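These notes are about the structure you will find just below.
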Amino acid sequence: MKIDVVSIFPEYLAGLQLSLIGKAVDQGVLDLNVHDLRDFTFDRHNTVDDSPYGGGAGMVMKAEPWALALEHILGGGSLGTTSVEQTDGADTGDKEPAAAGKPILIVPSPAGPVFNQRIAEELSDADHLVFACGRYEGIDQRVIDWSAEHFDLRPMSIGDYVLNGGEVASMVMIEAVSRLIPGVIGNPESLTEESHEDGLLEYPIYTKPASWRDRDVPEILLSGNHGAIARWRRDRRLERTAEVRPDLLAELNGLDKHDRAVLGRFESGDDSVKE
Ligand code: 5OB
């Protein structure tokens with residue numbers, strides 16, 4: 001998968017070189033490039049913003065640098081690129097560039113649907129993702145509208161809170177998406193056993209010692225009874241979800257009688273559970 005990020009703070013994205021994502025980049029599984037928006041300005045001060053028409057507080061990101069940056073990415077070039085990777089000819093060979101449709105342009109914004117695991121899964125199938133990190137009050141609407149002619153445009157929020165710009169939101173989404181790409185995570189089993197994969201939160205986990213500061217690991221986990229352990233873990237997941245995130249229960253399906261009996265103990269979650 002190819003991922004391009006445009007930002008006025010390309011160094012912000014440096015964290016993506018670390019850990020599993022960085023490894024995937026090194027191995028050529030991910031082709032990740034970060035572009036500095038200011039490289040697409042031509043005035044002395046590399047101006048990327050200006051005051052809003054109609055008045056109001058704050059500044060607006062100018063259309064032209066964004067159009068040039070996005071056109072550059074559409075052209076597949078590498079000007080203004082801080083290659084997070086050193087490509088060194090590493091080529092997995094198997095993916096043809098964009099025989100598919102338009103690249104997906106994700107514009108992190110509070111004015112978008114809220115990103116979740118379902119969307120992460122959908123995006124992990126794409127050949128090419130582009131993240132446009134806005135700062136200030138946002139980007140001139142005309143270049144957003146223009147971009148929809150060339151991209152599959154996806155404004156995307158990461159939750160109901162205020163951020164200073166799209167960089168951190170992009171990093172959240174890049175991490176969530178890229179760990180779903182085959183080869184990025186060592187043990188694919190850890191993908192399916194994850195909170196939010198099947199709509200339930202995870203069960204509590206323990207490691208040695210079996211007794212720590214007078215607190216014991218639940219005895220059943222030491223029993224070697226795998227069936228009983230699986231049931232116990234599922235019960236804890238149901239319990240935890242009902243307690244902490246009752247909103248998730250409404251989305252659940254595939255609950256059996258025992259599951260519903262466990263959930264029945266939680267009055268608040270009770271009526272939201274599907275038959
Ligand atoms: N708040 N998701 C929630 C967001 C956000 C702010 C952003 C981008 C995505 O930019 C200011």
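Ligands are numbered from 1 in the order shown, chains are lettered A, B, ... in the order of the structure tokens, and residues start at 1 in each chain.
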- Neighbours of ligand 1 within 12 Å, counting only C-alpha atoms and all ligand atoms, as a PyMOL selection string? chain A and resi 7+60+106-116+131-139+154-173
- Query: Per DSSP on the backbone, what are the strand (DSSP E or B) residues of range 95-144 of chain A, as a ChimeraX atom specification?
  - Reply: /A:104-108,114,128-132,139
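Nearest residue to Val29 in chain A among A:Glu243, A:Asp235, A:Asp127, A:Asp256 is A:Asp127, counting only C-alpha atoms.
Shortest atom-to-atom contact with Glu197 in chain A among A:Asn253, A:Thr41, A:Gln117, A:Ser19: A:Gln117, counting only C-alpha atoms.
The residue set within 12 Å of Lys208 in chain A, counting only C-alpha atoms and dropping same-chain residues fewer than 3 places from it, reads Ile205, Ser211, Trp212, Arg215, Asp216, Val217, Leu221 and Leu222 of chain A.
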Saved selection, atoms kept: all heavy atoms, as a PDB file, in the first residue's frame:
ATOM      1  N   ILE A 205      -6.179  -9.736  31.484  1.00  0.00           N
ATOM      2  CA  ILE A 205      -5.066 -10.672  31.287  1.00  0.00           C
ATOM      3  C   ILE A 205      -4.070 -10.578  32.437  1.00  0.00           C
ATOM      4  O   ILE A 205      -3.966  -9.554  33.106  1.00  0.00           O
ATOM      5  CB  ILE A 205      -4.344 -10.439  29.936  1.00  0.00           C
ATOM      6  CG1 ILE A 205      -3.910  -8.978  29.820  1.00  0.00           C
ATOM      7  CG2 ILE A 205      -5.227 -10.846  28.777  1.00  0.00           C
ATOM      8  CD1 ILE A 205      -2.948  -8.733  28.677  1.00  0.00           C
ATOM      9  N   SER A 211       0.768 -15.007  42.343  1.00  0.00           N
ATOM     10  CA  SER A 211       0.325 -14.161  43.451  1.00  0.00           C
ATOM     11  C   SER A 211       1.246 -12.947  43.528  1.00  0.00           C
ATOM     12  O   SER A 211       2.472 -13.094  43.596  1.00  0.00           O
ATOM     13  CB  SER A 211       0.367 -14.952  44.762  1.00  0.00           C
ATOM     14  OG  SER A 211      -0.253 -14.186  45.786  1.00  0.00           O
ATOM     15  N   TRP A 212       0.657 -11.770  43.515  1.00  0.00           N
ATOM     16  CA  TRP A 212       1.445 -10.531  43.509  1.00  0.00           C
ATOM     17  C   TRP A 212       0.836  -9.547  44.504  1.00  0.00           C
ATOM     18  O   TRP A 212      -0.343  -9.210  44.382  1.00  0.00           O
ATOM     19  CB  TRP A 212       1.475  -9.927  42.112  1.00  0.00           C
ATOM     20  CG  TRP A 212       2.151  -8.592  42.045  1.00  0.00           C
ATOM     21  CD1 TRP A 212       3.482  -8.332  42.023  1.00  0.00           C
ATOM     22  CD2 TRP A 212       1.493  -7.315  42.016  1.00  0.00           C
ATOM     23  NE1 TRP A 212       3.704  -6.970  41.980  1.00  0.00           N
ATOM     24  CE2 TRP A 212       2.504  -6.336  41.979  1.00  0.00           C
ATOM     25  CE3 TRP A 212       0.137  -6.922  42.029  1.00  0.00           C
ATOM     26  CZ2 TRP A 212       2.207  -4.965  41.956  1.00  0.00           C
ATOM     27  CZ3 TRP A 212      -0.140  -5.559  41.998  1.00  0.00           C
ATOM     28  CH2 TRP A 212       0.900  -4.605  41.953  1.00  0.00           C
ATOM     29  N   ARG A 215      -2.475 -10.277  45.693  1.00  0.00           N
ATOM     30  CA  ARG A 215      -3.518 -10.393  44.668  1.00  0.00           C
ATOM     31  C   ARG A 215      -3.221 -11.629  43.816  1.00  0.00           C
ATOM     32  O   ARG A 215      -2.127 -11.753  43.263  1.00  0.00           O
ATOM     33  CB  ARG A 215      -3.533  -9.140  43.771  1.00  0.00           C
ATOM     34  CG  ARG A 215      -4.004  -7.907  44.477  1.00  0.00           C
ATOM     35  CD  ARG A 215      -3.610  -6.668  43.698  1.00  0.00           C
ATOM     36  NE  ARG A 215      -3.792  -5.468  44.509  1.00  0.00           N
ATOM     37  CZ  ARG A 215      -4.901  -4.729  44.474  1.00  0.00           C
ATOM     38  NH1 ARG A 215      -5.889  -5.037  43.653  1.00  0.00           N
ATOM     39  NH2 ARG A 215      -5.007  -3.673  45.248  1.00  0.00           N
ATOM     40  N   ASP A 216      -4.242 -12.510  43.728  1.00  0.00           N
ATOM     41  CA  ASP A 216      -4.047 -13.768  43.015  1.00  0.00           C
ATOM     42  C   ASP A 216      -4.633 -13.697  41.604  1.00  0.00           C
ATOM     43  O   ASP A 216      -5.653 -13.042  41.377  1.00  0.00           O
ATOM     44  CB  ASP A 216      -4.737 -14.913  43.770  1.00  0.00           C
ATOM     45  CG  ASP A 216      -4.070 -15.173  45.110  1.00  0.00           C
ATOM     46  OD1 ASP A 216      -2.906 -14.705  45.282  1.00  0.00           O
ATOM     47  OD2 ASP A 216      -4.704 -15.801  45.971  1.00  0.00           O
ATOM     48  N   VAL A 217      -4.002 -14.389  40.700  1.00  0.00           N
ATOM     49  CA  VAL A 217      -4.571 -14.595  39.372  1.00  0.00           C
ATOM     50  C   VAL A 217      -5.834 -15.445  39.541  1.00  0.00           C
ATOM     51  O   VAL A 217      -5.834 -16.387  40.340  1.00  0.00           O
ATOM     52  CB  VAL A 217      -3.543 -15.310  38.471  1.00  0.00           C
ATOM     53  CG1 VAL A 217      -4.167 -15.766  37.161  1.00  0.00           C
ATOM     54  CG2 VAL A 217      -2.330 -14.420  38.207  1.00  0.00           C
ATOM     55  N   LEU A 221      -7.744 -19.686  35.529  1.00  0.00           N
ATOM     56  CA  LEU A 221      -6.701 -19.538  34.511  1.00  0.00           C
ATOM     57  C   LEU A 221      -5.530 -20.490  34.758  1.00  0.00           C
ATOM     58  O   LEU A 221      -4.711 -20.727  33.872  1.00  0.00           O
ATOM     59  CB  LEU A 221      -6.202 -18.092  34.457  1.00  0.00           C
ATOM     60  CG  LEU A 221      -7.263 -17.051  34.078  1.00  0.00           C
ATOM     61  CD1 LEU A 221      -6.667 -15.651  34.102  1.00  0.00           C
ATOM     62  CD2 LEU A 221      -7.852 -17.351  32.697  1.00  0.00           C
ATOM     63  N   LEU A 222      -5.457 -21.034  35.975  1.00  0.00           N
ATOM     64  CA  LEU A 222      -4.394 -21.986  36.317  1.00  0.00           C
ATOM     65  C   LEU A 222      -4.894 -23.426  36.207  1.00  0.00           C
ATOM     66  O   LEU A 222      -4.139 -24.374  36.433  1.00  0.00           O
ATOM     67  CB  LEU A 222      -3.888 -21.732  37.738  1.00  0.00           C
ATOM     68  CG  LEU A 222      -3.538 -20.278  38.086  1.00  0.00           C
ATOM     69  CD1 LEU A 222      -3.180 -20.146  39.564  1.00  0.00           C
ATOM     70  CD2 LEU A 222      -2.406 -19.768  37.219  1.00  0.00           C
TER      71      LEU A 222
END
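Going from CA of Lys62 in chain A to CA of Asn33 in chain A covers 22.1 Å.
Interatomic distance, CA of Leu16 in chain A against CA of Ala120 in chain A: 16.8 Å.
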